[in-house]
Amino acid sequence: MGSYLLRRIPSILLVLLLTSVIAFALPRLASGDPATTAAGSDASPAAVAAIRTQMGLDQPLPLQYLDWIGGVLTGDLGQSFSAHRSVAELIGTRLESTFELAAVAAVLMIAIGVLLGIAGARVHGGFWRAALDAVNAVLLAAPPFLTGLVLILAFGIAWPVLPASGEVSLSENFEIGIQYLLLPAVALALPQAAAISRLLESSMKATAREDFVDLAKAKGVPGGRIVRKHILRNSFGPALVTIGLRLGELLAGAIVVEAIFGRHGLGTLAITSVQNRDYLVIQALILGAVFIAVIMQLLTEIGVAFLDPRVRLGGAA
Amino acid sequence: MTAQATTASADRAPRRRTGNPLLRRYARAFRSPRGVIGASIIAVLVLLSLLAPVLFPGGFDQQTRDALLAPSLQHFFGTDEVGRDIFVRTIYGARVDLSLVFVAVPIAAVLGTLLGLVGILGNAAGAAVQRGLDVIVGFPSLILGISVTLVLGAGWTALVVALAIYSTPAFGRLARATLLTQQNRDYVQAARMLGTSKASIMTAHILPHTLDTAVTQAVVAVVSSIFLESSLSIVGLGIQPPQPSLGALLNSGARYMQQLPSYVLGPAAVLLILVLGFSLLADALNRAGAGR
């Protein structure tokens with residue numbers, strides 16, 4: 001596995017390098033001058049020029065890039081001109097909110113997805129089959145913003161049991177914080193959970209037809225044990241690949257869900273920075289999002305190899 | 001010149017024969033229950049949005065003094081904060097959504113398929129293009145949309161570009177997979193040994209096969225594109241008011257959920273029905289393909 005990881009490093013670095021170039025280039029491709037925006041609407045040309053020098057925008061582009069990427073590698077992300085503080089500090093204040101949302105949503109997504117998937121593979125007919133199919137179809141078709149809006153209408157307005165907007169951080173007050181977190185996390189988790197459950201279900205059905213399952217049955221292994229030890233373990237690989245991919249989409253969904261539920265996380269920070277053209281903040285956020293997505297993918301590959309010894313990461317593959 | 005002309009005419013005959021079963025399969029997809037329901041939903045919504053200026057000549061920005069009225073027979077979804085009919089705005093919004101996907105998805109299909117077929121020039125070139133597409137896939141959908149909005153400024157053009165870039169890699173991967181499998185088929189090898197040029201192998205043998213998968217993928221891409229449009233517009237980086245889109249309506253409707261739930265539920269229902277139509281159609285096409 002170690003040698004596999006070593007061989008993956010160049011392609012990961014390439015993706016990150018290309019992403020950093022794209023993230024750096026995007027704000028500069030945009031029409032309009034960041035220095036003019038930063039200086040405010042009625043700044044004198046001299047003030048704009050001063051800000052341009054201060055922001056390093058008068059330097060040649062390759063030098064600006066090296067300056068920025070050097071800073072990123074040493075943890076200095078530059079200054080946000082709209083918030084008048086360092087980008088790292090700004091991201092730091094928002095990180096906890098998004099992390100709490102993503103972590104709770106990820107746990108819910110995996111739990112709901114796996115439970116629905118196992119149920120789907122074991123229920124073969126009748127009312128429950130139809131009910132499961134219907135629930136899955138609706139959840140698959142509805143993106144996070146729709147589940148979010150419906151949850152707000154149902155549990156925030158029609159039957160107001162949970163707060164539908166705002167937030168309290170978990171570290172500040174766990175009991176109230178979790179109440180604010182529940183609706184957005186469920187909204188974010190449900191559509192992804194449906195995708196996981198559908199995959200796990202079809203993969204479990206395929207595994208159930210394998211010879212070793214017949215052998216286990218012939219030996220008289222109890223049904224529950226067959227599902228747990230023989231079918232589930234061997235079906236988890238493909239589901240894990242989707243979980244990895246879905247974690248990346250969870251990040252994208254978090255942006256919308258934060259906006260709908262009025263949370264102040266990295267997603268809403270990204271939106272306001274695009275609106276304010278606060279380009280150093282956006283550059284950092286784009287690079288960070290792709291970095292996390294790439295790491296998730298790598299962790300997934302390791303997880304798949306861990307579950308299925310047939311996939312030898314260090315071997316000929 | 002004459003030699004080329006004969007190979008071209010020789011190629012045309014088998015192409016017609018492979019073309020017919022393809023069309024038959026599409027016909028079968030449209031006869032299946034899913035296909036019929038899906039296509040009907042799409043037809044009704046496309047017709048409504050095409051006829052919107054005739055049916056609702058007042059346009060999407062006709063303001064009245066009746067703000068935030070409850071749904072009634074006159075206003076199916078009620079009226080918004082400046083007295084505009086939300087149902088009319090929803091139809092105009094669906095029109096904007098359909099115009100976006102009907103422009104962006106074909107661009108992505110052509111661009112992605114061509115990029116996927118670059119591999120015929122050489123394996124290294126094909127692999128390099130795939131690495132490039134991998135970088136796009138690495139961007140979570142909304143981050144990609146935000147990046148494009150940043151460059152072009154929020155609006156219709158930025159959305160078309162974002163949706164096209166977002167949908168391209170899937171077509172590229174499918175085309176490359178088809179190319180790699182078809183390239184090694186006996187009849188393609190035979191054609192190559194007979195001295196058929198790369199260009200005519202491409203048009204006669206490989207392109208029809210990529211077309212096959214691309215059609216289904218296009219319908220799937222429409223669904224994901226509608227979702228990306230709504231997501232971007234909901235957070236305020238898509239279609240800008242007063243112009244409506246299904247996502248933009250959800251954005252403004254979310255602020256009045258307490259007073260007028262139909263402001264959100266109406267556009268959301270139309271969005272779901274639209275997506276359902278395309279999903280059913282994609283399913284039907286897929287099944288018709290699997291039963292080949």
# chains A, B, ... in the order shown; residues from 1 in each chain; ligands from 1

$ interface_residues --of "chain B" --to "chain A" --cutoff "9 Å" --atoms "only C-alpha atoms" --output "number ranges by chain"
B: 131-132, 134-135, 138-144, 146-153, 227, 230-232, 234-237, 250-251, 254, 257-258, 261, 264-265, 268, 272, 275-276, 279

$ write_last_selection --atoms "C-alpha atoms" --output "mmCIF file, in the first residue's frame"
data_model
loop_
_atom_site.group_PDB
_atom_site.id
_atom_site.type_symbol
_atom_site.label_atom_id
_atom_site.label_comp_id
_atom_site.auth_asym_id
_atom_site.auth_seq_id
_atom_site.Cartn_x
_atom_site.Cartn_y
_atom_site.Cartn_z
ATOM 1 C CA ARG B 131 -6.172 13.996 -17.252
ATOM 2 C CA GLY B 132 -7.386 17.457 -18.188
ATOM 3 C CA ASP B 134 -10.083 14.840 -14.412
ATOM 4 C CA VAL B 135 -9.178 18.312 -13.171
ATOM 5 C CA GLY B 138 -12.086 17.360 -9.185
ATOM 6 C CA PHE B 139 -14.063 20.598 -8.779
ATOM 7 C CA PRO B 140 -17.257 20.083 -6.736
ATOM 8 C CA SER B 141 -20.166 21.242 -8.944
ATOM 9 C CA LEU B 142 -20.964 24.452 -7.118
ATOM 10 C CA ILE B 143 -17.306 25.460 -6.784
ATOM 11 C CA LEU B 144 -17.056 25.115 -10.571
ATOM 12 C CA ILE B 146 -18.756 29.894 -8.591
ATOM 13 C CA SER B 147 -15.450 29.931 -10.480
ATOM 14 C CA VAL B 148 -17.162 30.629 -13.804
ATOM 15 C CA THR B 149 -19.440 33.264 -12.256
ATOM 16 C CA LEU B 150 -16.377 34.966 -10.861
ATOM 17 C CA VAL B 151 -14.934 35.411 -14.352
ATOM 18 C CA LEU B 152 -18.040 36.190 -16.388
ATOM 19 C CA GLY B 153 -20.306 37.814 -13.799
ATOM 20 C CA PHE B 227 -30.015 21.166 -10.444
ATOM 21 C CA SER B 230 -31.131 26.069 -9.323
ATOM 22 C CA SER B 231 -28.337 25.743 -6.767
ATOM 23 C CA LEU B 232 -26.417 28.689 -8.225
ATOM 24 C CA ILE B 234 -30.689 29.997 -5.002
ATOM 25 C CA VAL B 235 -27.455 31.317 -3.525
ATOM 26 C CA GLY B 236 -27.786 34.422 -5.713
ATOM 27 C CA LEU B 237 -25.022 33.697 -8.227
ATOM 28 C CA LEU B 250 -36.816 29.593 -4.866
ATOM 29 C CA ASN B 251 -34.287 32.189 -3.732
ATOM 30 C CA ALA B 254 -37.479 31.268 0.661
ATOM 31 C CA MET B 257 -41.995 30.840 3.410
ATOM 32 C CA GLN B 258 -43.829 31.845 6.583
ATOM 33 C CA PRO B 261 -45.574 28.569 1.348
ATOM 34 C CA VAL B 264 -41.602 28.052 -2.724
ATOM 35 C CA LEU B 265 -43.762 24.972 -3.229
ATOM 36 C CA ALA B 268 -40.268 23.561 -6.471
ATOM 37 C CA LEU B 272 -39.391 18.374 -9.645
ATOM 38 C CA VAL B 275 -36.610 16.758 -13.602
ATOM 39 C CA LEU B 276 -38.896 13.744 -13.252
ATOM 40 C CA SER B 279 -35.222 11.182 -15.489
#

$ closest_atom_pairs --of "stretch 63-130 of chain B" --to "stretch 186-199 of chain B" --cutoff "12 Å" --atoms "only C-alpha atoms" --output "tab-separated table"
residue	atom	partner	partner_atom	distance
B:Leu117	CA	B:Ala199	CA	11.3
B:Val118	CA	B:Lys198	CA	11.6
B:Gly119	CA	B:Lys198	CA	11.4
B:Ile120	CA	B:Lys198	CA	7.6
B:Leu121	CA	B:Lys198	CA	8.5
B:Gly122	CA	B:Lys198	CA	11.1

$ write_last_selection --atoms "C-alpha atoms" --output "PDB file, in the first residue's frame"
ATOM      1  CA  LEU B 117     -12.146  10.831 -29.490  1.00  0.00           C
ATOM      2  CA  VAL B 118      -8.807  12.692 -29.530  1.00  0.00           C
ATOM      3  CA  GLY B 119      -7.368   9.305 -28.626  1.00  0.00           C
ATOM      4  CA  ILE B 120      -7.572   8.198 -32.276  1.00  0.00           C
ATOM      5  CA  LEU B 121      -4.667  10.529 -33.006  1.00  0.00           C
ATOM      6  CA  GLY B 122      -2.537   8.665 -30.487  1.00  0.00           C
TER       7      GLY B 122
END

$ closest_residue --among "A:Val161, A:Val227, A:Leu182, A:Ile176" --to "A:Ala105" --atoms "only C-alpha atoms"
A:Leu182

$ residues_around --residues "A:Leu139" --least-positions-apart "3" --cutoff "10 Å" --atoms "only C-alpha atoms" --output "number ranges by chain"
A: 133-136, 142-144, 146-147, 190-195

$ write_last_selection --atoms "N, CA and C atoms" --output "CSV table (one decimal), in the first residue's frame"
chain,number,residue,atom,x,y,z
A,133,ASP,N,-38.9,1.7,-2.2
A,133,ASP,CA,-38.6,2.1,-3.5
A,133,ASP,C,-39.1,3.6,-3.7
A,134,ALA,N,-40.3,3.9,-3.1
A,134,ALA,CA,-40.8,5.2,-3.3
A,134,ALA,C,-39.9,6.2,-2.6
A,135,VAL,N,-39.5,5.9,-1.3
A,135,VAL,CA,-38.7,6.8,-0.5
A,135,VAL,C,-37.4,7.1,-1.3
A,136,ASN,N,-36.8,6.0,-1.8
A,136,ASN,CA,-35.5,6.1,-2.4
A,136,ASN,C,-35.6,6.9,-3.7
A,142,ALA,N,-34.5,14.5,-5.4
A,142,ALA,CA,-34.5,15.8,-4.7
A,142,ALA,C,-33.1,16.2,-4.3
A,143,PRO,N,-32.6,17.3,-4.9
A,143,PRO,CA,-31.3,17.8,-4.4
A,143,PRO,C,-31.4,18.5,-3.0
A,144,PRO,N,-30.2,18.7,-2.4
A,144,PRO,CA,-30.2,19.3,-1.0
A,144,PRO,C,-31.1,20.5,-0.8
A,146,LEU,N,-33.8,21.3,-2.2
A,146,LEU,CA,-35.3,21.0,-2.1
A,146,LEU,C,-35.6,20.3,-0.8
A,147,THR,N,-34.8,19.3,-0.4
A,147,THR,CA,-35.0,18.7,0.9
A,147,THR,C,-35.0,19.7,2.0
A,190,LEU,N,-29.7,13.5,3.2
A,190,LEU,CA,-30.7,12.6,2.6
A,190,LEU,C,-30.4,12.3,1.1
A,191,PRO,N,-30.2,13.3,0.2
A,191,PRO,CA,-30.1,12.9,-1.2
A,191,PRO,C,-28.8,12.0,-1.4
A,192,GLN,N,-27.8,12.3,-0.7
A,192,GLN,CA,-26.5,11.5,-0.9
A,192,GLN,C,-26.8,10.1,-0.3
A,193,ALA,N,-27.5,10.0,0.8
A,193,ALA,CA,-27.8,8.7,1.4
A,193,ALA,C,-28.5,7.8,0.5
A,194,ALA,N,-29.5,8.4,-0.3
A,194,ALA,CA,-30.3,7.6,-1.2
A,194,ALA,C,-29.4,7.0,-2.3
A,195,ALA,N,-28.4,7.8,-2.8
A,195,ALA,CA,-27.5,7.2,-3.8
A,195,ALA,C,-26.7,6.1,-3.2

$ residues_around --residues "stretch 73-86 of chain A" --least-positions-apart "2" --cutoff "9 Å" --atoms "only C-alpha atoms" --output "list in words"
Ala38, Ala39, Met55, Trp68, Ile69, Gly70, Gly71, Ala88, Glu89, Leu90, Ile91, Ser273, Asn276, Arg277, Asp278, Tyr279, Leu280, Val281 and Ala284 of chain A

$ write_last_selection --atoms "C-alpha atoms" --output "mmCIF file, in the first residue's frame"
data_model
loop_
_atom_site.group_PDB
_atom_site.id
_atom_site.type_symbol
_atom_site.label_atom_id
_atom_site.label_comp_id
_atom_site.auth_asym_id
_atom_site.auth_seq_id
_atom_site.Cartn_x
_atom_site.Cartn_y
_atom_site.Cartn_z
ATOM 1 C CA ALA A 38 -10.776 47.348 -3.123
ATOM 2 C CA ALA A 39 -10.241 51.100 -3.051
ATOM 3 C CA MET A 55 -1.569 44.268 -2.988
ATOM 4 C CA TRP A 68 0.788 33.652 -3.556
ATOM 5 C CA ILE A 69 1.597 29.949 -3.742
ATOM 6 C CA GLY A 70 4.685 30.468 -1.545
ATOM 7 C CA GLY A 71 2.411 32.116 0.998
ATOM 8 C CA ALA A 88 -6.540 32.593 7.121
ATOM 9 C CA GLU A 89 -8.205 34.270 10.103
ATOM 10 C CA LEU A 90 -11.414 34.833 8.138
ATOM 11 C CA ILE A 91 -11.556 31.191 7.048
ATOM 12 C CA SER A 273 -16.458 36.905 -1.614
ATOM 13 C CA ASN A 276 -17.396 41.439 -3.380
ATOM 14 C CA ARG A 277 -14.680 40.154 -5.746
ATOM 15 C CA ASP A 278 -12.502 39.423 -2.723
ATOM 16 C CA TYR A 279 -10.229 37.323 -4.847
ATOM 17 C CA LEU A 280 -7.654 36.129 -2.304
ATOM 18 C CA VAL A 281 -10.447 34.578 -0.236
ATOM 19 C CA ALA A 284 -7.986 29.957 -1.033
#

$ decode --residues "stretch 174-215 of chain B" --atoms "C-alpha atoms" --output "short mmCIF file (atom, residue, chain, number, x, y, z; two decimals), in the first residue's frame"
data_model
loop_
_atom_site.label_atom_id
_atom_site.label_comp_id
_atom_site.auth_asym_id
_atom_site.auth_seq_id
_atom_site.Cartn_x
_atom_site.Cartn_y
_atom_site.Cartn_z
CA LEU B 174 -17.95 7.77 -22.51
CA ALA B 175 -16.53 8.60 -25.93
CA ARG B 176 -13.07 7.45 -24.90
CA ALA B 177 -14.43 4.19 -23.48
CA THR B 178 -16.32 3.55 -26.73
CA LEU B 179 -13.24 4.40 -28.78
CA LEU B 180 -11.05 2.01 -26.80
CA THR B 181 -13.49 -0.91 -27.09
CA GLN B 182 -14.42 -0.34 -30.75
CA GLN B 183 -10.80 0.18 -31.83
CA ASN B 184 -10.00 -3.43 -30.98
CA ARG B 185 -13.08 -4.96 -32.61
CA ASP B 186 -12.33 -7.27 -35.52
CA TYR B 187 -14.21 -5.24 -38.10
CA VAL B 188 -12.35 -2.06 -37.20
CA GLN B 189 -9.03 -3.92 -37.37
CA ALA B 190 -10.09 -5.33 -40.74
CA ALA B 191 -11.01 -1.88 -42.02
CA ARG B 192 -7.65 -0.56 -40.87
CA MET B 193 -5.80 -3.41 -42.62
CA LEU B 194 -7.71 -2.67 -45.79
CA GLY B 195 -6.19 0.79 -45.62
CA THR B 196 -9.29 2.75 -44.61
CA SER B 197 -8.25 6.18 -43.40
CA LYS B 198 -8.55 7.14 -39.73
CA ALA B 199 -11.12 9.75 -40.67
CA SER B 200 -13.50 7.29 -42.29
CA ILE B 201 -13.00 4.66 -39.58
CA MET B 202 -14.01 7.42 -37.21
CA THR B 203 -17.13 8.54 -39.04
CA ALA B 204 -18.28 5.12 -40.21
CA HIS B 205 -17.50 2.87 -37.26
CA ILE B 206 -16.78 4.74 -34.05
CA LEU B 207 -18.96 7.85 -34.16
CA PRO B 208 -22.28 5.94 -34.47
CA HIS B 209 -21.41 3.99 -31.32
CA THR B 210 -20.49 7.10 -29.34
CA LEU B 211 -23.70 8.75 -30.52
CA ASP B 212 -25.60 5.92 -28.93
CA THR B 213 -24.27 6.49 -25.40
CA ALA B 214 -24.15 10.26 -25.84
CA VAL B 215 -27.92 10.53 -26.35
#
